[in-house]
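Asker: Just passing along the structure, written as structure tokens.
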Amino acid sequence: MSTINIKENSAKTILTKSKLPKCDYVINPYLGCLHGCHYCYADFMKRFSNHAEPWGKFIDIKKNAAQTLDKELKKVRPKSVLLSSVTDAYNPIEKKYGLTRQILKVLLKYQIPTSILTKSDLVLRDIDLLSRFDDCQVGFSFLSLNSRDSRNFEPTTTIPKRRINALKELKNNDIRTYAFIGPIMPYITELDPLFMHLSDVSVDYIFCESFNNRGQARSNIRSIIKQKYSHIQQAFWDSFDKNSDYWPETAQYINKLSDFYKIPVNIFFHR
Ligand code: SF4
């Protein structure tokens, strides 16, 4: 933690109108994310915050987030809220500051339909609150079920098998669950074991997204593929060629898995 710049400040607003599907508003309790995933598209937030540190090495704590939300909810009543879009509400700093827990208490007070997407099983700490919502769902993201692949791209997240266990525990507490498979990395993300394990823990649906090869993260990924996956390097980049069949075939395969395991899927591939 010594090389991480942690700053406490206050937020004038905390509810942000969202263009994401089925999500009215988003809440980001923190600016920055200590998970520091190498494919993260949220590093554009640096432009809005005067941070020069690498993504994953700074975090701003919006200390008054819950109080601000309480005031906003007296004026606006969202149909649904997502935690979070440009941070992980359960990134490691949440253990110390508990902003997400404070925010959940406010959302619960107004019974705002809430969706959480995380890579950390710290979310289990809040089962007591989550299970009291009328409408709440928790999703985990997976690039792979393989811990080594996960570590290569998302170095400080909860390892995938623990995420699966967390989904199971949430389900055992009657909380609706989902999985986000993404970003799908060609020839690295193995779909069969993911679907099998996600079926075992009865997720309600799965969302699949391809790696966005046009994003800012392209150079990070290029260097990881070169260093750790040189044996598939050519095939990896060829899959993004506009004439490649890789993504249509992958979509077909996902639909087959969805039929086989009887789990609804949404597919979003950047082409
Ligand atoms: S957990 Fe999400 S927001 Fe945080 S670094 Fe990873 S991809 Fe970005």
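We name chains A, B, ... following the order of the structure tokens; residues begin at 1 in each chain, and ligands are numbered from 1 as shown.
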At a cut-off of 10 Å and counting only C-alpha atoms and all ligand atoms, what residues surround ligand 1? Please answer as an mmCIF file with N, CA and C atoms, in the first residue's frame.

Answerer:
```cif
data_model
loop_
_atom_site.group_PDB
_atom_site.id
_atom_site.type_symbol
_atom_site.label_atom_id
_atom_site.label_comp_id
_atom_site.auth_asym_id
_atom_site.auth_seq_id
_atom_site.Cartn_x
_atom_site.Cartn_y
_atom_site.Cartn_z
ATOM 1 N N ASN A 28 -20.385 5.311 -8.009
ATOM 2 C CA ASN A 28 -18.975 4.932 -7.857
ATOM 3 C C ASN A 28 -18.469 5.520 -6.541
ATOM 4 N N TYR A 30 -15.720 5.264 -5.084
ATOM 5 C CA TYR A 30 -14.301 5.643 -5.126
ATOM 6 C C TYR A 30 -13.955 6.145 -6.521
ATOM 7 N N LEU A 31 -12.962 7.016 -6.593
ATOM 8 C CA LEU A 31 -12.409 7.387 -7.897
ATOM 9 C C LEU A 31 -11.054 6.680 -8.000
ATOM 10 N N GLY A 32 -10.934 5.813 -9.000
ATOM 11 C CA GLY A 32 -9.773 4.930 -9.081
ATOM 12 C C GLY A 32 -10.187 3.550 -8.602
ATOM 13 N N CYS A 33 -9.315 2.579 -8.824
ATOM 14 C CA CYS A 33 -9.652 1.213 -8.401
ATOM 15 C C CYS A 33 -8.358 0.456 -8.120
ATOM 16 N N LEU A 34 -8.213 -0.004 -6.875
ATOM 17 C CA LEU A 34 -6.951 -0.657 -6.503
ATOM 18 C C LEU A 34 -6.806 -2.059 -7.109
ATOM 19 N N HIS A 35 -7.835 -2.553 -7.773
ATOM 20 C CA HIS A 35 -7.652 -3.828 -8.471
ATOM 21 C C HIS A 35 -6.708 -3.666 -9.664
ATOM 22 N N GLY A 36 -6.720 -2.499 -10.266
ATOM 23 C CA GLY A 36 -5.743 -2.201 -11.328
ATOM 24 C C GLY A 36 -5.659 -3.232 -12.436
ATOM 25 N N CYS A 37 -6.807 -3.700 -12.908
ATOM 26 C CA CYS A 37 -6.781 -4.708 -13.988
ATOM 27 C C CYS A 37 -6.130 -4.102 -15.236
ATOM 28 N N HIS A 38 -5.321 -4.904 -15.903
ATOM 29 C CA HIS A 38 -4.555 -4.359 -17.025
ATOM 30 C C HIS A 38 -5.416 -4.036 -18.236
ATOM 31 N N TYR A 39 -6.619 -4.609 -18.305
ATOM 32 C CA TYR A 39 -7.500 -4.340 -19.450
ATOM 33 C C TYR A 39 -8.525 -3.258 -19.126
ATOM 34 N N CYS A 40 -8.433 -2.655 -17.950
ATOM 35 C CA CYS A 40 -9.490 -1.756 -17.487
ATOM 36 C C CYS A 40 -9.674 -0.574 -18.440
ATOM 37 N N TYR A 41 -10.922 -0.330 -18.817
ATOM 38 C CA TYR A 41 -11.218 0.805 -19.701
ATOM 39 C C TYR A 41 -11.447 2.086 -18.889
ATOM 40 N N ALA A 42 -11.534 1.941 -17.542
ATOM 41 C CA ALA A 42 -11.926 3.086 -16.705
ATOM 42 C C ALA A 42 -10.776 4.049 -16.450
ATOM 43 N N ASP A 43 -9.581 3.731 -16.959
ATOM 44 C CA ASP A 43 -8.452 4.627 -16.671
ATOM 45 C C ASP A 43 -8.618 5.998 -17.329
ATOM 46 N N TRP A 55 -2.856 3.686 -13.347
ATOM 47 C CA TRP A 55 -4.151 3.162 -12.905
ATOM 48 C C TRP A 55 -3.911 2.020 -11.904
ATOM 49 N N GLY A 56 -4.622 2.057 -10.800
ATOM 50 C CA GLY A 56 -4.431 1.040 -9.758
ATOM 51 C C GLY A 56 -3.533 1.526 -8.640
ATOM 52 N N SER A 84 -20.489 -0.971 -9.551
ATOM 53 C CA SER A 84 -20.146 0.366 -9.951
ATOM 54 C C SER A 84 -19.748 0.304 -11.419
ATOM 55 N N SER A 85 -19.455 1.424 -12.056
ATOM 56 C CA SER A 85 -19.094 1.368 -13.476
ATOM 57 C C SER A 85 -17.622 1.686 -13.739
ATOM 58 N N VAL A 86 -16.987 2.537 -12.907
ATOM 59 C CA VAL A 86 -15.579 2.883 -13.157
ATOM 60 C C VAL A 86 -14.687 2.640 -11.933
ATOM 61 N N THR A 87 -15.176 1.818 -11.027
ATOM 62 C CA THR A 87 -14.363 1.305 -9.922
ATOM 63 C C THR A 87 -15.001 -0.022 -9.534
ATOM 64 N N ASP A 88 -14.349 -0.772 -8.645
ATOM 65 C CA ASP A 88 -15.008 -1.929 -8.045
ATOM 66 C C ASP A 88 -15.402 -1.497 -6.632
ATOM 67 N N ALA A 89 -16.703 -1.524 -6.360
ATOM 68 C CA ALA A 89 -17.197 -1.057 -5.054
ATOM 69 C C ALA A 89 -16.591 -1.866 -3.904
ATOM 70 N N TYR A 90 -16.037 -3.051 -4.216
ATOM 71 C CA TYR A 90 -15.400 -3.892 -3.196
ATOM 72 C C TYR A 90 -13.895 -4.036 -3.446
ATOM 73 N N ASN A 91 -13.296 -3.009 -4.065
ATOM 74 C CA ASN A 91 -11.832 -3.064 -4.204
ATOM 75 C C ASN A 91 -11.224 -2.969 -2.801
ATOM 76 N N LEU A 117 -21.689 -5.385 -9.401
ATOM 77 C CA LEU A 117 -20.775 -6.201 -10.210
ATOM 78 C C LEU A 117 -19.384 -6.049 -9.613
ATOM 79 N N THR A 118 -18.780 -7.171 -9.231
ATOM 80 C CA THR A 118 -17.494 -7.093 -8.521
ATOM 81 C C THR A 118 -16.573 -8.247 -8.919
ATOM 82 N N LYS A 119 -15.321 -8.127 -8.452
ATOM 83 C CA LYS A 119 -14.368 -9.234 -8.582
ATOM 84 C C LYS A 119 -13.853 -9.611 -7.205
ATOM 85 N N SER A 120 -14.553 -9.171 -6.161
ATOM 86 C CA SER A 120 -14.061 -9.421 -4.806
ATOM 87 C C SER A 120 -15.119 -10.080 -3.939
ATOM 88 N N SER A 141 -17.415 -10.944 -12.192
ATOM 89 C CA SER A 141 -16.790 -10.997 -13.519
ATOM 90 C C SER A 141 -15.728 -12.077 -13.550
ATOM 91 N N PHE A 153 -3.784 -10.843 -15.759
ATOM 92 C CA PHE A 153 -4.513 -9.670 -16.256
ATOM 93 C C PHE A 153 -5.141 -8.825 -15.146
ATOM 94 N N GLU A 154 -5.432 -9.434 -14.009
ATOM 95 C CA GLU A 154 -6.135 -8.724 -12.924
ATOM 96 C C GLU A 154 -5.458 -9.119 -11.606
ATOM 97 N N PRO A 155 -4.303 -8.482 -11.324
ATOM 98 C CA PRO A 155 -3.381 -8.998 -10.307
ATOM 99 C C PRO A 155 -3.865 -9.025 -8.861
ATOM 100 N N THR A 156 -4.828 -8.198 -8.479
ATOM 101 C CA THR A 156 -5.147 -8.149 -7.044
ATOM 102 C C THR A 156 -6.593 -8.541 -6.732
ATOM 103 N N THR A 157 -7.250 -9.180 -7.669
ATOM 104 C CA THR A 157 -8.656 -9.551 -7.429
ATOM 105 C C THR A 157 -8.743 -10.886 -6.685
ATOM 106 N N GLY A 182 -15.894 -11.805 -19.113
ATOM 107 C CA GLY A 182 -15.258 -10.791 -19.920
ATOM 108 C C GLY A 182 -14.143 -10.084 -19.168
ATOM 109 N N PRO A 183 -13.275 -9.412 -19.875
ATOM 110 C CA PRO A 183 -13.278 -9.429 -21.321
ATOM 111 C C PRO A 183 -12.798 -10.799 -21.831
#
```

Asker: Fewer than 5 positions away in the same chain doesn't count, so skip those; otherwise give me all residues within 12 Å of Glu249 in chain A, counting only C-alpha atoms, as a list in words.

Answerer: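 Near neighbours after the sequence-gap exclusion: Pro186, Ser239, Ser244, Ile254, Asn255, Lys256 and Phe269 of chain A.
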
Asker: Atoms to include: N, CA, C and O atoms. Write the selected residues as an mmCIF file, in the first residue's frame.

Answerer:
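Dumped everything to out_14.cif:
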```cif
data_model
loop_
_atom_site.group_PDB
_atom_site.id
_atom_site.type_symbol
_atom_site.label_atom_id
_atom_site.label_comp_id
_atom_site.auth_asym_id
_atom_site.auth_seq_id
_atom_site.Cartn_x
_atom_site.Cartn_y
_atom_site.Cartn_z
ATOM 1 N N PRO A 186 -9.233 -14.041 -26.640
ATOM 2 C CA PRO A 186 -9.197 -15.166 -27.565
ATOM 3 C C PRO A 186 -8.099 -16.176 -27.234
ATOM 4 O O PRO A 186 -6.972 -15.775 -26.944
ATOM 5 N N SER A 239 -7.508 -12.800 -34.514
ATOM 6 C CA SER A 239 -8.944 -12.952 -34.234
ATOM 7 C C SER A 239 -9.672 -11.603 -34.331
ATOM 8 O O SER A 239 -10.888 -11.567 -34.497
ATOM 9 N N SER A 244 -11.963 -12.296 -39.751
ATOM 10 C CA SER A 244 -11.831 -13.498 -38.917
ATOM 11 C C SER A 244 -13.209 -14.051 -38.529
ATOM 12 O O SER A 244 -14.146 -13.301 -38.277
ATOM 13 N N ILE A 254 -21.214 -19.963 -27.566
ATOM 14 C CA ILE A 254 -21.825 -19.483 -26.316
ATOM 15 C C ILE A 254 -23.322 -19.809 -26.317
ATOM 16 O O ILE A 254 -23.883 -20.247 -25.304
ATOM 17 N N ASN A 255 -23.968 -19.604 -27.453
ATOM 18 C CA ASN A 255 -25.411 -19.912 -27.520
ATOM 19 C C ASN A 255 -25.670 -21.406 -27.295
ATOM 20 O O ASN A 255 -26.656 -21.782 -26.668
ATOM 21 N N LYS A 256 -24.759 -22.242 -27.797
ATOM 22 C CA LYS A 256 -24.897 -23.691 -27.565
ATOM 23 C C LYS A 256 -24.772 -24.013 -26.080
ATOM 24 O O LYS A 256 -25.527 -24.796 -25.519
ATOM 25 N N PHE A 269 -20.167 -8.264 -28.380
ATOM 26 C CA PHE A 269 -18.808 -8.332 -28.908
ATOM 27 C C PHE A 269 -18.484 -7.017 -29.639
ATOM 28 O O PHE A 269 -19.247 -6.573 -30.491
#
```

Asker: When you look at range 75-79 of chain A with a cut-off of 10 Å (counting only C-alpha atoms), what residues show up, excluding the ones that are within fewer than 6 positions of it in the same chain? I need them as a ChimeraX atom specification.

Answerer: /A:15,17,22-26,69,110-114

Asker: Would you compute the distance between CA of Arg222 in chain A and CA of Ile188 in chain A? Give it in Å to one decimal.

Answerer: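 CA of Ile188 in chain A lies 13.8 Å from CA of Arg222 in chain A.
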
Asker: DSSP on the backbone, then: every residue of range 32-269 of chain A marked strand (DSSP E or B), written as JSON, numbers by chain.

Answerer: {"A": [58, 59, 60, 61, 62, 81, 82, 83, 114, 115, 116, 117, 118, 136, 137, 138, 139, 140, 141, 142, 176, 177, 178, 179, 180, 181, 182, 183, 184, 205, 206, 207, 208, 209, 210, 265, 266, 267, 268]}

Asker: For CA of Lys226 in chain A and CA of Met185 in chain A, determine how far apart the two atoms are, in Å to one decimal place.

Answerer: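 Rounded to one decimal, the two atoms are 13.7 Å apart.
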
Asker: Could you please determine the separation between CA of Glu8 in chain A and CA of Asn64 in chain A in Å, to one decimal place?

Answerer: 9.7 Å

Asker: Neighbours of range 9-12 of chain A within 12 Å (only C-alpha atoms; same-chain residues fewer than 2 positions away dropped), as an MDAnalysis selection string?

Answerer: chainID A and resid 6:7 14:16 27:31 49 59:69 71:72 99

Asker: Measuring between only C-alpha atoms, which one of A:Leu73, A:Ile267, A:Ile221, A:Ile93 shows the shortest distance to Asn5 in chain A?

Answerer: A:Ile93

Asker: So which residues touch Asp200 in chain A within 12 Å, counting only C-alpha atoms, skipping near sequence neighbours fewer than 5 positions away, as a list in words?

Answerer: Ile164, Asn165, Leu167, Lys168, Lys171, Pro193, Leu194, Phe195, Tyr261, Lys262 and Ile263 of chain A

Asker: Give me, as an MDAnalysis selection string, all polymer residues having an atom no more than 7 Å from Val265 in chain A, counting only C-alpha atoms and skipping those fewer than 5 positions away in the same chain.

Answerer: chainID A and resid 205:207 258

Asker: Write out as a PyMOL selection string the set of residues from range 2-251 of chain A that DSSP, computed on the backbone, places in helix (DSSP H, G or I).

Answerer: chain A and resi 42-48+65-73+94-97+99-109+121-130+147-153+160-172+191-200+218-228+230-238+246-251
